[in-house]
Each structure stands twice: as structure tokens, then as C-alpha cells.
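K.L.:
Below you'll find the structure I mean.
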Amino acid sequence: MKPIARQVLFYGALLGLWSLICRLHVWPPYVLPAPWAIVQALLAGFQDHSFPIAIFASMRRMVIGYCISVVLGTFLGIALASNQFLEQTVSGLLVSLQSLPSICWLPLAVLWFGLSENAILFVIVMGSLLSVTISMETGRKQMPKIYSMAGRNLGARKWNLFYYVLLPASMPYIVTGLKQGWAFAWRSLFAGEMIYVTLGLGQQLNAGRDLNDMNLVIAVMVLIIAIGTTVDRLLFRTIERRLQMKWGLLSAT
Amino acid sequence: MTSSPNLIENPNVLHGLGNAMARRAALVNSHVESATPKLWLQNLSLKYRTTQGERMLALDSIDLQVRAGEFLCIVGPSGCGKSTLLYLIAGLHEPTSGAVLMDGKRVERTGTDRIMIFQEHGLFPWLTVGENVEFGMKMKGVEKKLRRERVREYLNLVHLGKFQKSYIHQLSGGMKQRVAIARALATEPDVLLMDEPFAALDAQTRDLLHDELERIWAETGRTIVFVTHNVREAVRLGDRVAVLTFRPGRLKREYAIDLPRPRHLEDAEVAGTARDILADLREEINKSLAAEYQQ
């Protein structure tokens, strides 16, 4: 109960301070709107369906891009972990590519795919593919050898060995990679959406800027934070916690 | 019930274990008559390449036979390749030359007729205790109903029936090794290969597990090859103790242990025999220490 009480207190104080500053008219409302104005903007956005439509468009893109990353990253990571030549060559290249922020792929994507959906998808994939690949590779390599030996010893071969032993044994690394991949994809999504104007939350942000509507800008930012946090908490934290409980990496509460 | 004469003549065999021993003798007798040994290591050598690229001879011309139902212990200083020997029998490594024969047939790869029990138990943390025990049977394609029955049976054998649904990290070190034993036995192997399974346990737990292993061995009639650096443990458990030399690992000498069962680590005879073997082993241990200090 105590941490929750603290959190309530903290957010309450934050909102209170924000309202107070607005009441004092330190800055004009088009620079710093009041909290209730943001709430109104959010309600309005949901009432005229512009937010649900934008959320759907963005999430659709996100899910498609992320799935491509996960599938490609899985195969790439496994290939890298099981082939010494690839490991010594491609691995290094991937690590250097990771130093390139995903938004830097956008000009290239636009020249390749034109101002299209595919350009954004490409940026999402490039943003998250590498972290999925690298964690998949480390998962396969860092996995204690004893698991694969015990598995082979107990009669697991080829597909069975992979599916019942190697895959679950590297799951802690894989989940970390998937989570990181999601976070990178999420960042890349908005980078792409804001430059290439199309339906989506990024476009709503741009619309707010164009209309000089600070309420809309902050409302969309709140939405992006809320969705990002929800996915992280509900999906990845749950999976992580489950895994940690099973493996005993976390004291069961 | 057929009984093994040397056991019955022996007055020291206690009643509980005596019964089990007689049962085991019956089990063993059914196939011991055939002249082929259960395991036959023929002129086994293994060379490997170190990280510096040197060729190291780990095992050199090991020639060893293990009878069906025998409890063979292998002792040697650390680094003599005694674990490697088990990996070769298990089919996890391939010998550079020579061969491992099981029931007269050459071992080419891993098989569920030879199950290894590792020092660090090697249980799968993502599975429950029951699922771990079930694993080998599942890989073998044993039918689900039978698998369930055997999981219960073997967990009861190691007194862990209540822990079927627990996860591995919830168990103590000794319990983990018992699960590992149950998991190995559940695939119904002919041979158990044990690689210093009790080395990481405290003395009391180890004593208990010695008793339990001896009982299980007596009840199930399995052949056991048990590797340890602890000579007294080898004498306490083994029908025979083989001593390996340090780098390269060669078979130095074999000792038949004719002491009555059940034995205890504290028995004067066990201690005495262990002292003799240790004297033999001392030279090798010194070599291993010298090599360590040089590094």
C-alpha cells in the first residue's frame, strides 16, 4: 500500500503544482495550458473519433513493423549464434549499425520506397531489428552449456533440442531483447510518422503544431506515454515476472 | 529368487538392504551371464586443442570393462579427464581413437540407455520438478499416461513425491540432485553416469544421498559409473575403484572393493582401503598441484 500512496501523493502534487502555475498566469495558456484543458482536449479527440482512428493507424503500423523485426531478428540471431563465420563478420557490422539512430534511415527509406507506408515500416524495422537480433544471439551464446548437454543426453535432438531446450533456456535473454525491440520500434514509429505526414498519432502531433494548438500537442504526448507504459507494464513486465518466478531470479512475493 | 552367493555368505549385510540386494542380484543375474560386458572402453584416447592451439592428450589408451549391475567408481586428481571419460561414454564427445562398446555395440551418439547426472545437476529451471523427470520420456515418445505414472513412481523413489509441482530453484542442493537422479532413472537407462554428483553438497546431505543411491542401485539393478575426486566416497560406494593418472589420463590401477554393504564413510575398513588408494593417488595429485602452481 505504501508505495502506491506515495505515487498518488507524488502525481497529485505534480498536478497541483501545474495548476497553481497556470492559475498564477506565469505563462500564457498557449505556452502552458492547464491540466483540465488537456483532459478536455483528450475527451474531444475521443468524441470526434480522431484519436481512436490515429491510435489504430499507429498501432497497426507498429504491430506489423515489430512482427517483421521479431521474425527476421530471430532467424538472424540464431544464424549468427550458430555460424562462426557470420558471428565474426556480420555481428560486428550489426553492432556498428546500432549506433545509427533509426530516424537516420528515413531519407534512405523515402528514396527507396517513396512517401509511403513502407517507408515508415522500414524505419520501424531498422529501429528494432538489431536489438532483437543481438539479444537473440547473446541468448544462444550465453546460455549455460549444461542445458544443451543435459537435453542431448536425455534424448533431445535437432528440432526437439531447439524447441524444448535451447529456446526456453535462452528465454530470459530473448524477452529482454523483445522488450528493448518494442521500445526502439515505438520511438522509430513516431520519428517516421512525424516526418512523413499520414494518419496516426504522429500526424496528430504535427496537426497540433500547425494549428498552434498546445492542448492537442500535450494531449497526444500523454496518449503516447499512456500507451507505451501500458504495453510495457501489461505485456512485457508480466512475461518477465512470470519468467523470473519460474527461474527463481526473483523472490516470490 | 536367485541370489548372489557372495552376498548371502556375507553375514554383515543388514536385513533391509539385504532384501534389496537379493532382488538386485536377481535382476543382474538375468543378463550378467552373457560374456559381453555392459560397457567396454576399448583403447580410448582423446586429444583436444587448447585455446592456445596446442594439441593436448586428455585421455590415453583407456581400456576398461564394466559388468552389468556393477558400481564402478573412477577417481583421479582434478584435470585428469575423468569427467571427459563420462562424456565419451554418454556420446556427448567423440574419442580421437578407440571406441566405447555398450552390450558389444559401438556407441556412436547420445542415447537414453546411458544417462548422465552432472555435478551442477543440469535440471531445467523453466520446468517443474515433475516436468523435468518427464522430459527424457517425452523425448523418447513414451505415452502420456505412462509418463505420468513413472514421474510419480520415480519421484517417490527419491522421496520427493510432494514436490512434483515445485520449480527447481525452490529446492535445496540435495533435493536437486535427487530430482536429477529421478530424471535419469525415469528414462530407464541401463547405465547411470554420475559426474561428481555430490561434490557441491554439505557432508550430511551427501551421507544421506550415499545411502539413497546405494538403495536405488540395489533396487533397480542399474550399472553405475561414478566419477569423484573423493577416494573415500569411491570406496564407500563402489564395487570397484579405478584410479586415473594426471595428464594424460591413463588407467593407473583398479581396486576391487570387497567390503560388506551397507557401508559408511566412517567405517574403519572404508577408511583403511581409502588410505591405501590415496597413497597410490598422492603422486598424481602432487603432479596436478605442481601443474597448477606453474600457471
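Chain labels A, B, ... are given in the sequence in which chains occur in the C-alpha cells; within each chain residues are numbered consecutively from 1, and ligands are likewise numbered from 1 in the order shown.
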Residues of chain A within 7 Å of chain B, using only C-alpha atoms, as a PyMOL selection string?

P.N.:
chain A and resi 146-147+150+152-156+168+246-248

K.L.:
Please compute the atom CA of B:Glu54-atom CA of B:Ala291 distance, one decimal, in Å.

P.N.:
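Value for the atom CA of B:Glu54-atom CA of B:Ala291 distance: 16.1 Å.
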
K.L.:
Among the residues of stretch 7-231 of chain B, find those DSSP assigns to alpha helix (DSSP H) from the backbone and print them as a PyMOL selection string.

P.N.:
chain B and resi 7-8+15-32+82-90+129-140+144-157+173-186+203-220+231

K.L.:
Counting only C-alpha atoms, which residue out of A:Gly65, A:Gly73, A:Pro29, A:Pro172 sits closest to A:Asn212?

P.N.:
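Between A:Gly65, A:Gly73, A:Pro29, A:Pro172, the residue approaching A:Asn212 most closely is A:Pro29.
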
K.L.:
Between atom CA of A:Phe236 and atom CA of A:Val8, what is the spacing in Å?

P.N.:
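According to the coordinates, atom CA of A:Val8 and atom CA of A:Phe236 are separated by 23.6 Å.
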
K.L.:
Show me, as a ChimeraX atom specification, the residues that have an atom within 9 Å of stretch 237-248 of chain B when counting only C-alpha atoms, minus same-chain residues fewer than 3 positions from it.

P.N.:
/B:56-60,64,70-82,210-211,213-214,224-226,231-234,251-259,261-264,277,280-281,283-285,287-288

K.L.:
Can I get the selected residues back with C-alpha atoms, as a PDB file, in the first residue's frame?

P.N.:
```
ATOM      1  CA  MET B  56      46.638 -31.902 -25.566  1.00  0.00           C
ATOM      2  CA  LEU B  57      46.278 -35.574 -24.863  1.00  0.00           C
ATOM      3  CA  ALA B  58      43.476 -35.720 -22.305  1.00  0.00           C
ATOM      4  CA  LEU B  59      42.901 -39.454 -22.179  1.00  0.00           C
ATOM      5  CA  ASP B  60      45.419 -42.052 -23.245  1.00  0.00           C
ATOM      6  CA  LEU B  64      38.158 -50.725 -19.068  1.00  0.00           C
ATOM      7  CA  GLU B  70      28.343 -53.111 -11.336  1.00  0.00           C
ATOM      8  CA  PHE B  71      29.030 -49.947  -9.369  1.00  0.00           C
ATOM      9  CA  LEU B  72      32.317 -48.640 -10.739  1.00  0.00           C
ATOM     10  CA  CYS B  73      33.965 -45.583  -9.256  1.00  0.00           C
ATOM     11  CA  ILE B  74      36.633 -43.635 -11.070  1.00  0.00           C
ATOM     12  CA  VAL B  75      38.958 -41.437  -9.029  1.00  0.00           C
ATOM     13  CA  GLY B  76      41.743 -39.141 -10.064  1.00  0.00           C
ATOM     14  CA  PRO B  77      43.152 -35.684  -9.442  1.00  0.00           C
ATOM     15  CA  SER B  78      41.237 -32.746 -10.874  1.00  0.00           C
ATOM     16  CA  GLY B  79      42.053 -32.242 -14.517  1.00  0.00           C
ATOM     17  CA  CYS B  80      42.826 -35.902 -15.204  1.00  0.00           C
ATOM     18  CA  GLY B  81      39.958 -36.251 -17.644  1.00  0.00           C
ATOM     19  CA  LYS B  82      37.690 -38.420 -15.547  1.00  0.00           C
ATOM     20  CA  HIS B 210      25.034 -42.098  -0.461  1.00  0.00           C
ATOM     21  CA  ASP B 211      22.557 -44.286   1.406  1.00  0.00           C
ATOM     22  CA  LEU B 213      21.899 -44.038  -4.102  1.00  0.00           C
ATOM     23  CA  GLU B 214      23.059 -47.383  -2.744  1.00  0.00           C
ATOM     24  CA  ILE B 224      26.689 -47.119 -12.413  1.00  0.00           C
ATOM     25  CA  VAL B 225      29.880 -45.378 -13.405  1.00  0.00           C
ATOM     26  CA  PHE B 226      30.592 -42.807 -10.719  1.00  0.00           C
ATOM     27  CA  VAL B 231      38.538 -41.538  -2.620  1.00  0.00           C
ATOM     28  CA  ARG B 232      36.585 -42.374   0.498  1.00  0.00           C
ATOM     29  CA  GLU B 233      33.329 -41.732  -1.308  1.00  0.00           C
ATOM     30  CA  ALA B 234      34.512 -44.073  -4.062  1.00  0.00           C
ATOM     31  CA  LEU B 251      44.321 -46.140 -16.063  1.00  0.00           C
ATOM     32  CA  LYS B 252      46.760 -46.482 -13.183  1.00  0.00           C
ATOM     33  CA  ARG B 253      45.278 -49.288 -11.141  1.00  0.00           C
ATOM     34  CA  GLU B 254      41.995 -50.932 -10.265  1.00  0.00           C
ATOM     35  CA  TYR B 255      40.891 -51.983  -6.797  1.00  0.00           C
ATOM     36  CA  ALA B 256      38.124 -54.473  -6.130  1.00  0.00           C
ATOM     37  CA  ILE B 257      36.249 -53.348  -3.025  1.00  0.00           C
ATOM     38  CA  ASP B 258      35.006 -56.452  -1.279  1.00  0.00           C
ATOM     39  CA  LEU B 259      33.764 -54.722   1.847  1.00  0.00           C
ATOM     40  CA  ARG B 261      27.315 -53.426   2.361  1.00  0.00           C
ATOM     41  CA  PRO B 262      25.818 -51.222   3.566  1.00  0.00           C
ATOM     42  CA  ARG B 263      28.962 -49.258   4.170  1.00  0.00           C
ATOM     43  CA  HIS B 264      29.518 -45.912   5.793  1.00  0.00           C
ATOM     44  CA  ILE B 277      44.235 -45.943  -2.660  1.00  0.00           C
ATOM     45  CA  ASP B 280      48.607 -44.558  -4.750  1.00  0.00           C
ATOM     46  CA  LEU B 281      46.864 -41.428  -5.927  1.00  0.00           C
ATOM     47  CA  GLU B 283      51.740 -38.900  -6.668  1.00  0.00           C
ATOM     48  CA  GLU B 284      49.147 -37.897  -9.275  1.00  0.00           C
ATOM     49  CA  ILE B 285      47.621 -35.265  -7.022  1.00  0.00           C
ATOM     50  CA  LYS B 287      51.587 -33.640 -10.243  1.00  0.00           C
ATOM     51  CA  SER B 288      48.265 -31.859 -10.652  1.00  0.00           C
TER      52      SER B 288
END
```

K.L.:
I want to know what sits within 10 Å of stretch 87-102 of chain A, based on only C-alpha atoms, with residues of the same chain fewer than 2 positions away left out; could you give that as an mmCIF file with C-alpha atoms, in the first residue's frame?

P.N.:
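selection_34.cif, written as the output of this step:
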```cif
data_model
loop_
_atom_site.group_PDB
_atom_site.id
_atom_site.type_symbol
_atom_site.label_atom_id
_atom_site.label_comp_id
_atom_site.auth_asym_id
_atom_site.auth_seq_id
_atom_site.Cartn_x
_atom_site.Cartn_y
_atom_site.Cartn_z
ATOM 1 C CA LEU A 76 19.298 -13.683 -37.940
ATOM 2 C CA GLY A 77 20.204 -14.103 -34.275
ATOM 3 C CA ALA A 79 22.129 -17.864 -37.659
ATOM 4 C CA LEU A 80 24.729 -15.606 -36.060
ATOM 5 C CA ALA A 81 24.944 -17.740 -32.934
ATOM 6 C CA SER A 82 25.356 -20.994 -34.804
ATOM 7 C CA ASN A 83 27.759 -19.955 -37.557
ATOM 8 C CA GLN A 84 31.259 -18.869 -36.673
ATOM 9 C CA PHE A 85 31.855 -17.078 -39.964
ATOM 10 C CA CYS A 104 18.614 8.426 -39.993
ATOM 11 C CA TRP A 105 17.203 5.627 -42.113
ATOM 12 C CA LEU A 106 14.229 7.776 -43.103
ATOM 13 C CA PHE A 122 11.206 0.217 -42.877
ATOM 14 C CA VAL A 123 12.250 2.724 -40.236
ATOM 15 C CA ILE A 124 10.441 0.753 -37.520
ATOM 16 C CA VAL A 125 12.092 -2.485 -38.615
ATOM 17 C CA MET A 126 15.551 -0.919 -38.771
ATOM 18 C CA GLY A 127 14.996 0.593 -35.333
ATOM 19 C CA SER A 128 14.137 -2.642 -33.563
ATOM 20 C CA LEU A 129 15.624 -5.434 -35.675
ATOM 21 C CA LEU A 130 19.147 -5.002 -34.358
ATOM 22 C CA SER A 131 18.329 -5.205 -30.681
ATOM 23 C CA THR A 133 18.917 -9.919 -33.290
ATOM 24 C CA ILE A 134 21.678 -9.122 -30.847
ATOM 25 C CA GLU A 137 22.424 -14.110 -30.435
ATOM 26 C CA PHE A 184 13.027 1.082 -30.086
ATOM 27 C CA ALA A 185 10.221 0.379 -32.541
ATOM 28 C CA ARG A 187 10.476 5.539 -30.859
ATOM 29 C CA SER A 188 11.077 4.887 -34.551
ATOM 30 C CA LEU A 189 7.346 4.826 -35.238
ATOM 31 C CA ALA A 191 10.051 9.582 -35.765
ATOM 32 C CA GLY A 192 8.734 8.192 -39.033
#
```

K.L.:
Restricting the calculation to only C-alpha atoms: of B:Val107, B:Val151, B:Val133, B:Leu85, which residue gets closest to B:Met194?

P.N.:
B:Leu85
